[in-house]
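Take a look at the structure set out below.
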Protein chains: 2
Amino acid sequence: MDFYNKTGKMAIGSRLRLLTDKVTTDAAQIYKLYDVELLPKWFPVFYTLCSEDSTITEVAHQIGHSHPSVSKIVGEMLRKGIVSEKKDKADKRRNVISLSKKGRAIAAKIQDQYTDVNEAIEEMLTQTTNDLWKAIEEWEILLDRKNLLRRVQEKKKNRESKKVKIVDYTPAYAKAFKELNKEWISTYFKMETTDFKSLENPKGYILDKGGAILVALYEGEPVGVCALIKMNHPEYSYELAKMAVSPKAQGKNIGYLLGKAILKKAKALGGSSVYLESNTILKPAISLYYKLGFQKTFGEPSPYERCNIQMALKLK
Amino acid sequence: MDFYNKTGKMAIGSRLRLLTDKVTTDAAQIYKLYDVELLPKWFPVFYTLCSEDSTITEVAHQIGHSHPSVSKIVGEMLRKGIVSEKKDKADKRRNVISLSKKGRAIAAKIQDQYTDVNEAIEEMLTQTTNDLWKAIEEWEILLDRKNLLRRVQEKKKNRESKKVKIVDYTPAYAKAFKELNKEWISTYFKMETTDFKSLENPKGYILDKGGAILVALYEGEPVGVCALIKMNHPEYSYELAKMAVSPKAQGKNIGYLLGKAILKKAKALGGSSVYLESNTILKPAISLYYKLGFQKTFGEPSPYERCNIQMALKLK
DNA sequence: TATATTTACGTAACTAGTTACGTAATTGAT
DNA sequence: ATCAATTACGTAACTAGTTACGTAAATATA
């Protein structure tokens, strides 16, 4: 398959399917060769029943199929008289399947086929430098730990966060600062008077009082903002506030990058600790704060109604 | 999948299918993640059309699918406006497919996804000690050279030929010698007088004249016979004749084992060359003779009507 | 003890491929 | 030049799985 060397790994699913087909097309004829009255697709079910009687769901779980698949296969094998079913007396939902006499005869007959096929495949495995059998097992384990979607998501985030630039606020970003914050505040809560004041006049309310604002740019566009407000408090030097990321730019790690940058800024300004207020319905935000190192704290009265959680972080 | 470590390699097809499923279930969501309007199953077709316009059959051949599969996929993509079709003017059967404007836009958009997926998979490959990608390729090559059925057949033949015993003729095998020969002669030709004589009285017609008869036993049963008839000829010492293997015991390499044994016997008896007569309609027999080392020869008149080919072999 | 949740499993409908088959166009052989 | 064979490709029916859903039984909870 020259094609798959050109397409790259993206087509691995397609390539796997093709190999599966190649391996399984012969299967029916192999069974015929040994005069075994078994459809290849019955084999996993048949094999589990060889060692022990089981219910539909148990078998399905064992072999990694869905239960309707096993249900169908058992139905087919029943019609051929290979297995028999019996409702469990203790639990009338359970349908216990066992090999019939004919089934056990097939189990005996299949032994030779079993050894020959095993040998043939093992011979193939020794002829290759990359062991397919072991490779499959390794992939099963890797995908079990983290599926392909998540792996790709991480790569995407990683690549895109490289395109994100964090810059200092200039009046050119006044509109972005206002709109990005308005967007999320009005979706989840209601704009309050304090909001309007600071969003309309960031210079007067934040910068001139010794605070800072950072802007996240993605391909030149402002897609996230975050402010640091100077506090008059014995314990906390700055408040992290007005953090907003455009929904269109989600999944690019922008929140984290902004957060990291604003903490660095706080430290550069001589701060020793950062405080913030939020609401527990903003779950992604809360988990971001934890990720940045914030811990829950109590006791400060908030000028915002929407606040129901307070967090703080010591700058090292 | 603990199950597959128990079943052994026989379930490799089933295991491969499961892995394929695991790899491909996420695919649809990955496309969604990048906002690409493409079904995963379209990808191989789409990809080939990216580099060049092609006909249905060409694409099918490229990607290893059947043409109806490509036909269906192209139909779906047409309805979405991703590709366009145009009958070839020079050959009105050919349906030339090309990417539409929308298709080309998708091709541009897909680039990022492509790199991310590639990276994610390549990262997985580095985390394993057995490279799945390379292993698949090796298997494709191996199966292309010799499919699984033939590999299993060989193992079967090998195992079964170990159960075959070649023994010297005794009167106990008189019936087998007659019946096995009668069986094939009367299916392909007609029994001739010479046949009756030698089959009814092997001692008088073969053994007492300095010839030999060998019998192949499979699990104790006589399933094949072969005779060596002393010739009065300047060039040839013995004639190989009356070779018969029961159809029930075919595929166990019995013909070859009998042949080898009879040549050894001829040598042991001091012979220098062996001659035989046969008919070209008996193709498996002819190819067996070639395999044993016989070559075509000419010129001897045969007492049998059915003979249309003569072969001989020098014993080293 | 009543009610909600979970479990076992059968049926129906869908999916992504296949083979089988028919038709029209082209190519090859005499 | 004609007739047979091959090729391109669409449609239909099949295959081996899936998800979705409904029902009955068992278990957990208030």
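Residues in the structure tokens are named by chain (A, B, ... in the order shown) and by number from 1 within that chain; ligands are numbered from 1 in the order shown.
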
> Which chain B residues are at most 7 Å from chain A (counting only C-alpha atoms), as a PyMOL selection string?
Replying inline: chain B and resi 3+8-10+13+16-17+19-20+23-24+26+30+62-63+114+116-118+120-121+128+130-132+134-136+138+140+148-149+151-152+155-156

At most 10 Å to chain A: residues in chain D, only C-alpha atoms (C1' of nucleotides), as a PDB file with N, CA and C atoms (P, O5', C5', C4', C3', O3' and C1' of nucleotides), in the first residue's frame:
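The result, stored in part_6.pdb:
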```
ATOM      1  P    DA D  16     -20.304 -12.151   8.389  1.00  0.00           P
ATOM      2  O5'  DA D  16     -19.694 -11.272   9.556  1.00  0.00           O
ATOM      3  C5'  DA D  16     -18.620 -10.383   9.285  1.00  0.00           C
ATOM      4  C4'  DA D  16     -18.695  -9.247  10.262  1.00  0.00           C
ATOM      5  C3'  DA D  16     -19.104  -9.659  11.680  1.00  0.00           C
ATOM      6  O3'  DA D  16     -18.228  -9.043  12.612  1.00  0.00           O
ATOM      7  C1'  DA D  16     -20.447  -7.900  10.939  1.00  0.00           C
ATOM      8  P    DG D  17     -18.219  -9.598  14.118  1.00  0.00           P
ATOM      9  O5'  DG D  17     -19.060  -8.494  14.896  1.00  0.00           O
ATOM     10  C5'  DG D  17     -18.455  -7.473  15.569  1.00  0.00           C
ATOM     11  C4'  DG D  17     -18.862  -6.114  15.009  1.00  0.00           C
ATOM     12  C3'  DG D  17     -19.689  -5.244  15.952  1.00  0.00           C
ATOM     13  O3'  DG D  17     -18.895  -4.715  16.967  1.00  0.00           O
ATOM     14  C1'  DG D  17     -20.429  -5.006  13.719  1.00  0.00           C
ATOM     15  P    DT D  18     -19.485  -4.325  18.356  1.00  0.00           P
ATOM     16  O5'  DT D  18     -20.202  -2.931  18.068  1.00  0.00           O
ATOM     17  C5'  DT D  18     -19.446  -1.824  17.599  1.00  0.00           C
ATOM     18  C4'  DT D  18     -20.389  -0.758  17.084  1.00  0.00           C
ATOM     19  C3'  DT D  18     -21.324  -0.198  18.132  1.00  0.00           C
ATOM     20  O3'  DT D  18     -20.714   0.936  18.732  1.00  0.00           O
ATOM     21  C1'  DT D  18     -22.523  -0.721  16.129  1.00  0.00           C
ATOM     22  P    DT D  19     -21.270   1.400  20.159  1.00  0.00           P
ATOM     23  O5'  DT D  19     -22.554   2.296  19.844  1.00  0.00           O
ATOM     24  C5'  DT D  19     -22.515   3.360  18.918  1.00  0.00           C
ATOM     25  C4'  DT D  19     -23.929   3.855  18.672  1.00  0.00           C
ATOM     26  C3'  DT D  19     -24.658   4.337  19.932  1.00  0.00           C
ATOM     27  O3'  DT D  19     -25.373   5.526  19.603  1.00  0.00           O
ATOM     28  C1'  DT D  19     -25.913   2.610  18.904  1.00  0.00           C
ATOM     29  P    DA D  24     -42.593  -5.893  30.513  1.00  0.00           P
ATOM     30  O5'  DA D  24     -41.801  -6.916  31.440  1.00  0.00           O
ATOM     31  C5'  DA D  24     -40.967  -7.917  30.843  1.00  0.00           C
ATOM     32  C4'  DA D  24     -39.834  -8.215  31.787  1.00  0.00           C
ATOM     33  C3'  DA D  24     -40.247  -8.345  33.255  1.00  0.00           C
ATOM     34  O3'  DA D  24     -39.724  -9.556  33.749  1.00  0.00           O
ATOM     35  C1'  DA D  24     -38.418  -6.864  33.046  1.00  0.00           C
ATOM     36  P    DA D  25     -40.157 -10.115  35.178  1.00  0.00           P
ATOM     37  O5'  DA D  25     -38.796  -9.983  35.982  1.00  0.00           O
ATOM     38  C5'  DA D  25     -37.624 -10.620  35.464  1.00  0.00           C
ATOM     39  C4'  DA D  25     -36.444 -10.106  36.234  1.00  0.00           C
ATOM     40  C3'  DA D  25     -36.583 -10.211  37.750  1.00  0.00           C
ATOM     41  O3'  DA D  25     -35.484 -10.978  38.216  1.00  0.00           O
ATOM     42  C1'  DA D  25     -35.872  -8.026  37.097  1.00  0.00           C
ATOM     43  P    DA D  26     -35.253 -11.298  39.737  1.00  0.00           P
ATOM     44  O5'  DA D  26     -34.265 -10.133  40.174  1.00  0.00           O
ATOM     45  C5'  DA D  26     -32.981 -10.095  39.567  1.00  0.00           C
ATOM     46  C4'  DA D  26     -32.209  -8.924  40.100  1.00  0.00           C
ATOM     47  C3'  DA D  26     -32.055  -8.880  41.624  1.00  0.00           C
ATOM     48  O3'  DA D  26     -30.681  -8.668  41.875  1.00  0.00           O
ATOM     49  C1'  DA D  26     -32.857  -6.808  40.818  1.00  0.00           C
TER      50       DA D  26
END
```

>> Tell me as a list in words which residues belonging to chain C come within 10 Å of chain A, counting only C-alpha atoms (C1' of nucleotides).
In response: DT7, DA8, DC9, DG10, DT11, DG17 and DT18 of chain C

> Per DSSP on the backbone, what are the strand (DSSP E or B) residues of region 187-264 of chain A, as a list of chain:residue names?
Replying inline: A:Ala212, A:Ile213, A:Leu214, A:Val215, A:Ala216, A:Leu217, A:Tyr218, A:Glu221, A:Pro222, A:Val223, A:Gly224, A:Val225, A:Cys226, A:Ala227, A:Leu228, A:Ile229, A:Lys230, A:Tyr238, A:Glu239, A:Leu240, A:Ala241, A:Lys242, A:Met243, A:Ala244, A:Val245

> So which residues touch Glu200 (chain B) within 10 Å, counting only C-alpha atoms (C1' of nucleotides), skipping near sequence neighbours fewer than 6 positions away, as a PyMOL selection string?
Replying inline: chain B and resi 174-175+177-178

Selected residues written out with C-alpha atoms, as a PDB file, in the first residue's frame:
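This went into part07.pdb:
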```pdb
ATOM      1  CA  ALA B 174      -3.864 -56.375  -1.305  1.00  0.00           C
ATOM      2  CA  LYS B 175      -7.353 -54.904  -1.096  1.00  0.00           C
ATOM      3  CA  PHE B 177      -3.740 -51.665  -3.485  1.00  0.00           C
ATOM      4  CA  LYS B 178      -6.590 -52.743  -5.737  1.00  0.00           C
TER       5      LYS B 178
END
```
